[in-house]
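K.L.:
Okay, so here is upload_1.cif, and as you'll see once you scroll down, it has mmCIF, C-alpha atoms.
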data_entry
loop_
_atom_site.group_PDB
_atom_site.id
_atom_site.type_symbol
_atom_site.label_atom_id
_atom_site.label_comp_id
_atom_site.auth_asym_id
_atom_site.auth_seq_id
_atom_site.Cartn_x
_atom_site.Cartn_y
_atom_site.Cartn_z
ATOM 1 C CA LEU O 1250 -83.399 33.005 44.754
ATOM 2 C CA LYS O 1251 -83.213 30.852 41.632
ATOM 3 C CA LEU O 1252 -82.054 33.848 39.614
ATOM 4 C CA ALA O 1253 -79.351 34.607 42.183
ATOM 5 C CA GLY O 1254 -78.209 30.969 42.020
ATOM 6 C CA VAL O 1255 -77.970 31.107 38.272
ATOM 7 C CA ALA O 1256 -76.028 34.367 38.456
ATOM 8 C CA GLN O 1257 -73.630 32.761 40.899
ATOM 9 C CA ARG O 1258 -73.131 29.643 38.734
ATOM 10 C CA VAL O 1259 -72.459 31.561 35.556
ATOM 11 C CA GLN O 1260 -70.595 34.264 37.453
ATOM 12 C CA SER O 1261 -72.544 37.053 35.685
ATOM 13 C CA LEU O 1262 -72.556 40.469 37.365
ATOM 14 C CA GLY O 1263 -75.627 41.554 35.317
ATOM 15 C CA LEU O 1264 -77.709 38.586 36.502
ATOM 16 C CA ALA O 1265 -76.614 39.261 40.041
ATOM 17 C CA ARG O 1266 -77.793 42.853 39.817
ATOM 18 C CA LEU O 1267 -81.089 41.691 38.254
ATOM 19 C CA ALA O 1268 -81.596 39.168 41.035
ATOM 20 C CA MET O 1269 -81.072 41.875 43.634
ATOM 21 C CA GLN O 1270 -83.609 44.149 41.912
ATOM 22 C CA VAL O 1271 -86.179 41.331 41.781
ATOM 23 C CA GLN O 1272 -85.624 40.539 45.434
ATOM 24 C CA SER O 1273 -85.948 44.185 46.432
ATOM 25 C CA GLY O 1274 -89.250 44.520 44.506
ATOM 26 C CA GLY O 1275 -87.959 47.009 41.932
ATOM 27 C CA HIS O 1276 -90.056 48.402 39.143
ATOM 28 C CA PHE O 1277 -90.697 46.185 36.169
ATOM 29 C CA ASP O 1278 -89.433 48.689 33.579
ATOM 30 C CA LYS O 1279 -86.130 48.919 35.360
ATOM 31 C CA ILE O 1280 -85.979 45.143 35.383
ATOM 32 C CA MET O 1281 -86.623 45.041 31.645
ATOM 33 C CA THR O 1282 -83.943 47.654 31.044
ATOM 34 C CA THR O 1283 -81.508 45.627 33.081
ATOM 35 C CA ILE O 1284 -82.456 42.510 31.117
ATOM 36 C CA ASP O 1285 -81.864 44.327 27.823
ATOM 37 C CA GLU O 1286 -78.493 45.521 29.045
ATOM 38 C CA MET O 1287 -77.627 42.025 30.173
ATOM 39 C CA VAL O 1288 -78.658 40.566 26.811
ATOM 40 C CA GLU O 1289 -76.548 43.162 25.022
ATOM 41 C CA LEU O 1290 -73.631 42.319 27.265
ATOM 42 C CA LEU O 1291 -74.073 38.618 26.570
ATOM 43 C CA ARG O 1292 -74.190 39.331 22.844
ATOM 44 C CA ARG O 1293 -70.955 41.319 23.056
ATOM 45 C CA GLU O 1294 -69.338 38.567 25.097
ATOM 46 C CA GLU O 1295 -70.584 36.025 22.553
ATOM 47 C CA GLN O 1296 -69.149 38.134 19.715
ATOM 48 C CA GLU O 1297 -65.848 38.464 21.573
ATOM 49 C CA ASP O 1298 -65.817 34.688 22.060
ATOM 50 C CA ILE O 1299 -66.470 34.187 18.354
ATOM 51 C CA GLU O 1300 -63.708 36.624 17.434
ATOM 52 C CA HIS O 1301 -61.343 34.988 19.932
ATOM 53 C CA LYS O 1302 -62.193 31.582 18.482
ATOM 54 C CA SER O 1303 -61.598 32.921 14.976
ATOM 55 C CA ARG O 1304 -58.244 34.346 16.002
ATOM 56 C CA CYS O 1305 -57.300 31.051 17.582
ATOM 57 C CA GLU O 1306 -58.379 29.161 14.479
ATOM 58 C CA ASN O 1307 -56.438 31.572 12.258
ATOM 59 C CA SER O 1308 -53.430 31.212 14.515
ATOM 60 C CA LEU O 1309 -53.722 27.429 14.366
ATOM 61 C CA THR O 1310 -54.078 27.577 10.586
ATOM 62 C CA LYS O 1311 -51.032 29.850 10.338
ATOM 63 C CA ASN O 1312 -49.089 27.559 12.625
ATOM 64 C CA LYS O 1313 -50.155 24.637 10.450
ATOM 65 C CA PHE O 1314 -48.973 26.443 7.327
ATOM 66 C CA ASP O 1315 -45.776 27.476 9.095
ATOM 67 C CA THR O 1316 -45.232 23.893 10.185
ATOM 68 C CA GLU O 1317 -45.784 22.690 6.617
ATOM 69 C CA ASP O 1318 -43.358 25.304 5.365
ATOM 70 C CA VAL O 1319 -40.786 24.249 7.932
ATOM 71 C CA ASN O 1320 -41.273 20.573 7.078
ATOM 72 C CA HIS O 1321 -40.946 21.381 3.374
ATOM 73 C CA ALA O 1322 -37.778 23.359 4.054
ATOM 74 C CA ILE O 1323 -36.413 20.466 6.141
ATOM 75 C CA THR O 1324 -37.227 17.960 3.387
ATOM 76 C CA LYS O 1325 -35.646 20.221 0.783
ATOM 77 C CA GLY O 1326 -32.607 20.707 3.013
ATOM 78 C CA LYS O 1327 -32.246 16.947 3.467
ATOM 79 C CA LYS O 1328 -32.375 16.434 -0.300
ATOM 80 C CA SER O 1329 -29.768 19.170 -0.753
ATOM 81 C CA VAL O 1330 -27.540 17.529 1.863
ATOM 82 C CA GLU O 1331 -27.942 14.145 0.157
ATOM 83 C CA ARG O 1332 -27.126 15.667 -3.235
ATOM 84 C CA LEU O 1333 -24.106 17.536 -1.884
ATOM 85 C CA THR O 1334 -22.956 14.410 -0.045
ATOM 86 C CA SER O 1335 -23.201 12.435 -3.284
ATOM 87 C CA GLU O 1336 -21.338 15.140 -5.194
ATOM 88 C CA ALA O 1337 -18.689 15.287 -2.467
ATOM 89 C CA GLY O 1338 -18.248 11.510 -2.699
ATOM 90 C CA ALA O 1339 -17.902 11.685 -6.472
ATOM 91 C CA LEU O 1340 -15.421 14.539 -6.097
ATOM 92 C CA ARG O 1341 -13.393 12.541 -3.583
ATOM 93 C CA ASP O 1342 -13.321 9.598 -5.998
ATOM 94 C CA THR O 1343 -12.212 11.909 -8.800
ATOM 95 C CA MET O 1344 -9.487 13.405 -6.620
ATOM 96 C CA ALA O 1345 -8.340 9.934 -5.590
ATOM 97 C CA GLY O 1346 -8.124 8.941 -9.257
ATOM 98 C CA LEU O 1347 -6.178 12.105 -10.054
ATOM 99 C CA ARG O 1348 -3.782 11.425 -7.186
ATOM 100 C CA GLN O 1349 -3.199 7.924 -8.555
ATOM 101 C CA GLN O 1350 -2.538 9.347 -12.015
ATOM 102 C CA ILE O 1351 -0.184 11.964 -10.571
ATOM 103 C CA ASN O 1352 1.676 9.316 -8.572
ATOM 104 C CA ALA O 1353 1.880 7.046 -11.616
ATOM 105 C CA THR O 1354 3.114 9.919 -13.779
ATOM 106 C CA GLN O 1355 5.671 10.869 -11.138
ATOM 107 C CA ASP O 1356 6.887 7.265 -11.018
ATOM 108 C CA GLU O 1357 7.220 7.279 -14.816
ATOM 109 C CA MET O 1358 9.131 10.561 -14.685
ATOM 110 C CA ASP O 1359 11.448 9.229 -11.982
ATOM 111 C CA GLU O 1360 12.046 6.042 -13.983
ATOM 112 C CA ALA O 1361 12.676 8.018 -17.195
ATOM 113 C CA LYS O 1362 15.083 10.307 -15.348
ATOM 114 C CA LYS O 1363 16.907 7.306 -13.903
ATOM 115 C CA LEU O 1364 17.205 5.596 -17.299
ATOM 116 C CA ARG O 1365 18.336 8.822 -18.947
ATOM 117 C CA GLY O 1366 20.960 9.256 -16.257
ATOM 118 C CA GLU O 1367 22.217 5.738 -16.905
ATOM 119 C CA GLU O 1368 22.321 6.427 -20.669
ATOM 120 C CA ILE O 1369 24.322 9.607 -20.083
ATOM 121 C CA ASP O 1370 26.786 7.742 -17.858
ATOM 122 C CA GLU O 1371 27.179 5.040 -20.503
ATOM 123 C CA PHE O 1372 27.617 7.657 -23.239
ATOM 124 C CA ARG O 1373 30.273 9.528 -21.286
ATOM 125 C CA GLN O 1374 32.105 6.314 -20.475
ATOM 126 C CA ALA O 1375 31.980 5.256 -24.140
ATOM 127 C CA MET O 1376 33.342 8.681 -25.189
ATOM 128 C CA LYS O 1377 36.157 8.333 -22.685
ATOM 129 C CA ASP O 1378 36.969 4.796 -23.803
ATOM 130 C CA ASP O 1379 36.994 5.736 -27.486
ATOM 131 C CA THR O 1380 39.050 8.873 -26.842
ATOM 132 C CA ASP O 1381 41.554 6.926 -24.775
ATOM 133 C CA ALA O 1382 41.710 4.229 -27.469
ATOM 134 C CA ILE O 1383 42.376 6.866 -30.155
ATOM 135 C CA ALA O 1384 45.167 8.339 -28.049
ATOM 136 C CA ILE O 1385 46.745 4.904 -27.588
ATOM 137 C CA ILE O 1386 46.434 4.123 -31.300
ATOM 138 C CA GLU O 1387 47.954 7.463 -32.255
ATOM 139 C CA GLU O 1388 50.828 6.795 -29.882
ATOM 140 C CA ALA O 1389 51.303 3.294 -31.356
ATOM 141 C CA ILE O 1390 51.274 4.675 -34.909
ATOM 142 C CA SER O 1391 53.819 7.289 -33.917
ATOM 143 C CA GLU O 1392 56.130 4.695 -32.349
ATOM 144 C CA LEU O 1393 55.806 2.355 -35.317
ATOM 145 C CA ALA O 1394 56.542 5.207 -37.725
ATOM 146 C CA LYS O 1395 59.609 6.149 -35.711
ATOM 147 C CA PHE O 1396 60.733 2.551 -35.693
ATOM 148 C CA TYR O 1397 60.237 2.302 -39.455
ATOM 149 C CA ASP O 1398 62.124 5.543 -40.014
ATOM 150 C CA ARG O 1399 65.030 4.348 -37.876
ATOM 151 C CA GLN O 1400 65.243 1.111 -39.777
ATOM 152 C CA ALA O 1401 65.237 3.000 -43.073
ATOM 153 C CA LEU O 1402 67.942 5.368 -41.777
ATOM 154 C CA ILE O 1403 70.111 2.465 -40.710
ATOM 155 C CA GLN O 1404 69.779 0.810 -44.084
ATOM 156 C CA SER O 1405 70.492 3.980 -46.010
ATOM 157 C CA SER O 1406 73.577 4.643 -43.882
ATOM 158 C CA ALA O 1407 74.922 1.214 -44.710
ATOM 159 C CA ASP O 1408 74.135 1.633 -48.414
ATOM 160 C CA PRO O 1409 74.108 5.191 -49.857
ATOM 161 C CA GLU O 1410 72.207 3.961 -52.914
ATOM 162 C CA TYR O 1411 69.519 2.411 -50.745
ATOM 163 C CA ASP O 1412 65.941 3.054 -51.840
ATOM 164 C CA PRO O 1413 63.566 2.346 -48.980
ATOM 165 C CA ASP O 1414 60.866 1.385 -51.450
ATOM 166 C CA LYS O 1415 63.207 -0.995 -53.317
ATOM 167 C CA PRO O 1416 65.501 -2.724 -50.851
ATOM 168 C CA LYS O 1417 68.599 -4.357 -52.370
ATOM 169 C CA ASP O 1418 69.415 -7.973 -52.047
ATOM 170 C CA THR O 1419 71.449 -8.501 -48.867
ATOM 171 C CA PRO O 1420 71.519 -11.287 -46.309
ATOM 172 C CA PHE O 1421 69.004 -9.185 -44.375
ATOM 173 C CA THR O 1422 67.005 -7.921 -47.338
ATOM 174 C CA GLU O 1423 64.219 -10.482 -47.230
ATOM 175 C CA GLU O 1424 63.902 -10.205 -43.446
ATOM 176 C CA TYR O 1425 63.768 -6.389 -43.643
ATOM 177 C CA LYS O 1426 61.319 -6.432 -46.507
ATOM 178 C CA GLY O 1427 58.984 -8.527 -44.383
ATOM 179 C CA ALA O 1428 59.435 -6.259 -41.362
ATOM 180 C CA ALA O 1429 58.931 -3.078 -43.374
ATOM 181 C CA GLY O 1430 55.836 -4.388 -45.113
ATOM 182 C CA GLU O 1431 54.433 -5.663 -41.863
ATOM 183 C CA SER O 1432 55.018 -2.256 -40.245
ATOM 184 C CA ARG O 1433 53.223 -0.467 -43.059
ATOM 185 C CA GLY O 1434 50.322 -2.971 -42.797
ATOM 186 C CA VAL O 1435 50.015 -2.549 -39.033
ATOM 187 C CA ILE O 1436 50.049 1.257 -39.326
ATOM 188 C CA SER O 1437 47.339 1.129 -42.004
ATOM 189 C CA ILE O 1438 45.192 -1.116 -39.824
ATOM 190 C CA LEU O 1439 45.667 1.209 -36.854
ATOM 191 C CA GLU O 1440 44.724 4.225 -38.982
ATOM 192 C CA MET O 1441 41.527 2.494 -40.074
ATOM 193 C CA ILE O 1442 40.702 1.590 -36.462
ATOM 194 C CA LYS O 1443 41.274 5.209 -35.416
ATOM 195 C CA GLU O 1444 39.022 6.434 -38.216
ATOM 196 C CA ASP O 1445 36.308 3.978 -37.168
ATOM 197 C CA LEU O 1446 36.573 5.233 -33.582
ATOM 198 C CA HIS O 1447 36.139 8.833 -34.736
ATOM 199 C CA LYS O 1448 33.055 7.811 -36.694
ATOM 200 C CA GLU O 1449 31.741 5.927 -33.657
ATOM 201 C CA ILE O 1450 32.230 9.018 -31.482
ATOM 202 C CA SER O 1451 30.309 11.191 -33.961
ATOM 203 C CA LYS O 1452 27.516 8.641 -34.208
ATOM 204 C CA SER O 1453 27.297 8.308 -30.417
ATOM 205 C CA ARG O 1454 27.017 12.072 -30.043
ATOM 206 C CA GLU O 1455 24.199 12.209 -32.590
ATOM 207 C CA ASP O 1456 22.363 9.352 -30.862
ATOM 208 C CA ASP O 1457 22.789 10.998 -27.467
ATOM 209 C CA ALA O 1458 21.451 14.309 -28.790
ATOM 210 C CA LYS O 1459 18.365 12.525 -30.192
ATOM 211 C CA ALA O 1460 17.874 10.620 -26.929
ATOM 212 C CA GLN O 1461 18.111 13.864 -24.959
ATOM 213 C CA ALA O 1462 15.530 15.551 -27.210
ATOM 214 C CA MET O 1463 13.136 12.614 -26.846
ATOM 215 C CA TYR O 1464 13.652 12.616 -23.077
ATOM 216 C CA GLU O 1465 12.885 16.322 -22.763
ATOM 217 C CA LYS O 1466 9.794 15.989 -24.994
ATOM 218 C CA SER O 1467 8.535 13.032 -22.966
ATOM 219 C CA MET O 1468 9.101 14.829 -19.663
ATOM 220 C CA ALA O 1469 7.268 17.929 -20.913
ATOM 221 C CA LYS O 1470 4.304 15.814 -22.029
ATOM 222 C CA MET O 1471 4.113 14.023 -18.666
ATOM 223 C CA LYS O 1472 4.260 17.352 -16.789
ATOM 224 C CA GLU O 1473 1.357 18.698 -18.875
ATOM 225 C CA SER O 1474 -0.753 15.651 -18.078
#
What would the structure in this file look like if it were written as structure tokens?

P.N.:
Amino acid sequence: LKLAGVAQRVQSLGLARLAMQVQSGGHFDKIMTTIDEMVELLRREEQEDIEHKSRCENSLTKNKFDTEDVNHAITKGKKSVERLTSEAGALRDTMAGLRQQINATQDEMDEAKKLRGEEIDEFRQAMKDDTDAIAIIEEAISELAKFYDRQALIQSSADPEYDPDKPKDTPFTEEYKGAAGESRGVISILEMIKEDLHKEISKSREDDAKAQAMYEKSMAKMKES
């Protein structure tokens, strides 16, 4: 009965069969054989338990290593994210600085273009003013020359021996001499003024050409930067 109780507690089919044989008064050799079989079974079960435990321990160890690998990968990934975030921030700062430089350069280009436009307008207006002044002076010289020629013609008609460069003494000689000399002086002054205007036009064109070359060089340099 005790053996049957033990078999029931441990839930062992071998012990249960042994208990039944004992209760039924079986032969001793059969009982011993059954005991040997039961011991062998217990040994196999013990070995299976050991192997199962080993597998569990190996699985736990593998899981531990896997967990460590995952944690290492996570840590490495975090460091990579931090590094990339830092690099992205530095890149954004660099781009912001470049945008400021581009905007500043564009402002400089716009200002240079505006100033150059104003210079061109002033140059063209100066050319027009000088050209108009030359035309007026040429017209004045022409009218004065005609006036001088008419006066000389009148004098020579009144006196066939009249020499325009050596006026004779008449009641009007002194007055005419003054008028003729004054006319020649005015024409000479006007000729000099006209010549100065021509020189000024040439100089202005040279200066404008230099200014244009400097402007184009400056614009090209700003575009490259």

K.L.:
Would you mind listing what lies within 12 Å of Ile1436 in chain O as a list in words, with only C-alpha atoms counted and same-chain residues fewer than 2 positions away left out?

P.N.:
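Counting only the stated atoms, we get Ile1386, Glu1387, Glu1388, Ala1389, Ile1390, Ser1391, Glu1392, Leu1393, Ala1394, Lys1395, Phe1396, Tyr1397, Ala1429, Gly1430, Glu1431, Ser1432, Arg1433, Gly1434, Ile1438, Leu1439, Glu1440, Met1441, Ile1442 and Lys1443 of chain O.
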
K.L.:
Using the selection just defined, write its residues with C-alpha atoms as a PDB file, in the frame of the given file.

P.N.:
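The resulting again-v5.pdb:
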ATOM      1  CA  ILE O1386      46.434   4.123 -31.300  1.00  0.00           C
ATOM      2  CA  GLU O1387      47.954   7.463 -32.255  1.00  0.00           C
ATOM      3  CA  GLU O1388      50.828   6.795 -29.882  1.00  0.00           C
ATOM      4  CA  ALA O1389      51.303   3.294 -31.356  1.00  0.00           C
ATOM      5  CA  ILE O1390      51.274   4.675 -34.909  1.00  0.00           C
ATOM      6  CA  SER O1391      53.819   7.289 -33.917  1.00  0.00           C
ATOM      7  CA  GLU O1392      56.130   4.695 -32.349  1.00  0.00           C
ATOM      8  CA  LEU O1393      55.806   2.355 -35.317  1.00  0.00           C
ATOM      9  CA  ALA O1394      56.542   5.207 -37.725  1.00  0.00           C
ATOM     10  CA  LYS O1395      59.609   6.149 -35.711  1.00  0.00           C
ATOM     11  CA  PHE O1396      60.733   2.551 -35.693  1.00  0.00           C
ATOM     12  CA  TYR O1397      60.237   2.302 -39.455  1.00  0.00           C
ATOM     13  CA  ALA O1429      58.931  -3.078 -43.374  1.00  0.00           C
ATOM     14  CA  GLY O1430      55.836  -4.388 -45.113  1.00  0.00           C
ATOM     15  CA  GLU O1431      54.433  -5.663 -41.863  1.00  0.00           C
ATOM     16  CA  SER O1432      55.018  -2.256 -40.245  1.00  0.00           C
ATOM     17  CA  ARG O1433      53.223  -0.467 -43.059  1.00  0.00           C
ATOM     18  CA  GLY O1434      50.322  -2.971 -42.797  1.00  0.00           C
ATOM     19  CA  ILE O1438      45.192  -1.116 -39.824  1.00  0.00           C
ATOM     20  CA  LEU O1439      45.667   1.209 -36.854  1.00  0.00           C
ATOM     21  CA  GLU O1440      44.724   4.225 -38.982  1.00  0.00           C
ATOM     22  CA  MET O1441      41.527   2.494 -40.074  1.00  0.00           C
ATOM     23  CA  ILE O1442      40.702   1.590 -36.462  1.00  0.00           C
ATOM     24  CA  LYS O1443      41.274   5.209 -35.416  1.00  0.00           C
TER      25      LYS O1443
END

K.L.:
Could you tell me how far CA of Asp1381 in chain O sits from CA of Lys1363 in chain O, in Å to one decimal place?

P.N.:
26.9 Å

K.L.:
On this structure, the PyMOL selection byres ((chain O and resi 1450) around 10) would catch which residues? List them as a list in words, sorted by chain and number.

P.N.:
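Selected by the PyMOL selection byres ((chain O and resi 1450) around 10) in this file: Phe1372, Ala1375, Met1376, Lys1377, Asp1378, Asp1379, Thr1380, Glu1444, Asp1445, Leu1446, His1447, Lys1448, Glu1449, Ser1451, Lys1452, Ser1453, Arg1454, Glu1455 and Asp1456 of chain O.
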
K.L.:
What gap, in Å, lies between CA of Asp1457 in chain O and CA of Ile1351 in chain O?

P.N.:
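These atoms are spaced 28.5 Å apart.
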
K.L.:
With distances taken over all atoms listed in the file, which of O:Thr1316, O:Ser1437, O:Met1358, O:Ala1401 is nearest to Lys1466 in chain O?

P.N.:
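Result for the nearest residue to Lys1466 in chain O: O:Met1358.
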
K.L.:
Quick one, how far is CA of Leu1347 in chain O from CA of Glu1473 in chain O?

P.N.:
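Those two atoms sit 13.3 Å apart.
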
K.L.:
Could you please fill out range 1338-1349 of chain O with all heavy atoms and send it back as a compact mmCIF listing (two decimals), keeping the file's coordinate frame?

P.N.:
# COMPACT_ATOMS: atom_id res chain seq x y z
N GLY O 1338 -18.82 12.85 -2.53
CA GLY O 1338 -18.25 11.51 -2.70
C GLY O 1338 -17.66 11.32 -4.08
O GLY O 1338 -16.57 10.77 -4.24
N ALA O 1339 -18.40 11.79 -5.10
CA ALA O 1339 -17.90 11.68 -6.47
C ALA O 1339 -16.63 12.51 -6.64
O ALA O 1339 -15.68 12.09 -7.32
CB ALA O 1339 -18.97 12.15 -7.46
N LEU O 1340 -16.61 13.69 -6.01
CA LEU O 1340 -15.42 14.54 -6.10
C LEU O 1340 -14.23 13.88 -5.42
O LEU O 1340 -13.10 13.94 -5.93
CB LEU O 1340 -15.71 15.90 -5.46
CG LEU O 1340 -14.59 16.94 -5.51
CD1 LEU O 1340 -14.19 17.22 -6.96
CD2 LEU O 1340 -15.00 18.22 -4.82
N ARG O 1341 -14.49 13.25 -4.27
CA ARG O 1341 -13.39 12.54 -3.58
C ARG O 1341 -12.85 11.41 -4.45
O ARG O 1341 -11.63 11.20 -4.51
CB ARG O 1341 -13.89 12.00 -2.24
CG ARG O 1341 -13.97 13.04 -1.13
CD ARG O 1341 -14.16 12.39 0.22
NE ARG O 1341 -15.42 11.69 0.33
CZ ARG O 1341 -16.55 12.22 0.76
NH1 ARG O 1341 -16.56 13.50 1.11
NH2 ARG O 1341 -17.65 11.51 0.84
N ASP O 1342 -13.77 10.68 -5.11
CA ASP O 1342 -13.32 9.60 -6.00
C ASP O 1342 -12.49 10.15 -7.15
O ASP O 1342 -11.47 9.57 -7.53
CB ASP O 1342 -14.54 8.84 -6.55
CG ASP O 1342 -15.29 8.08 -5.45
OD1 ASP O 1342 -14.68 7.83 -4.40
OD2 ASP O 1342 -16.47 7.76 -5.65
N THR O 1343 -12.95 11.28 -7.70
CA THR O 1343 -12.21 11.91 -8.80
C THR O 1343 -10.83 12.35 -8.34
O THR O 1343 -9.82 12.13 -9.04
CB THR O 1343 -12.99 13.12 -9.34
OG1 THR O 1343 -14.27 12.69 -9.81
CG2 THR O 1343 -12.22 13.78 -10.49
N MET O 1344 -10.78 12.96 -7.16
CA MET O 1344 -9.49 13.40 -6.62
C MET O 1344 -8.56 12.22 -6.34
O MET O 1344 -7.36 12.30 -6.58
CB MET O 1344 -9.72 14.22 -5.35
CG MET O 1344 -10.41 15.56 -5.59
SD MET O 1344 -10.71 16.48 -4.05
CE MET O 1344 -9.00 16.77 -3.52
N ALA O 1345 -9.15 11.13 -5.85
CA ALA O 1345 -8.34 9.93 -5.59
C ALA O 1345 -7.76 9.40 -6.90
O ALA O 1345 -6.60 9.01 -6.97
CB ALA O 1345 -9.19 8.87 -4.90
N GLY O 1346 -8.61 9.39 -7.95
CA GLY O 1346 -8.12 8.94 -9.26
C GLY O 1346 -7.03 9.84 -9.79
O GLY O 1346 -6.03 9.36 -10.35
N LEU O 1347 -7.20 11.16 -9.60
CA LEU O 1347 -6.18 12.10 -10.05
C LEU O 1347 -4.88 11.91 -9.29
O LEU O 1347 -3.79 12.00 -9.87
CB LEU O 1347 -6.69 13.54 -9.88
CG LEU O 1347 -7.81 13.97 -10.84
CD1 LEU O 1347 -8.31 15.36 -10.48
CD2 LEU O 1347 -7.33 13.95 -12.29
N ARG O 1348 -5.01 11.66 -7.97
CA ARG O 1348 -3.78 11.42 -7.19
C ARG O 1348 -3.05 10.19 -7.68
O ARG O 1348 -1.81 10.17 -7.75
CB ARG O 1348 -4.14 11.29 -5.71
CG ARG O 1348 -4.36 12.61 -5.00
CD ARG O 1348 -4.35 12.44 -3.50
NE ARG O 1348 -5.48 11.67 -3.05
CZ ARG O 1348 -6.64 12.17 -2.68
NH1 ARG O 1348 -6.81 13.47 -2.73
NH2 ARG O 1348 -7.63 11.40 -2.27
N GLN O 1349 -3.83 9.14 -8.03
CA GLN O 1349 -3.20 7.92 -8.56
C GLN O 1349 -2.50 8.21 -9.88
O GLN O 1349 -1.38 7.74 -10.11
CB GLN O 1349 -4.26 6.84 -8.74
CG GLN O 1349 -4.81 6.29 -7.43
CD GLN O 1349 -5.89 5.24 -7.66
OE1 GLN O 1349 -6.32 5.02 -8.78
NE2 GLN O 1349 -6.31 4.60 -6.60
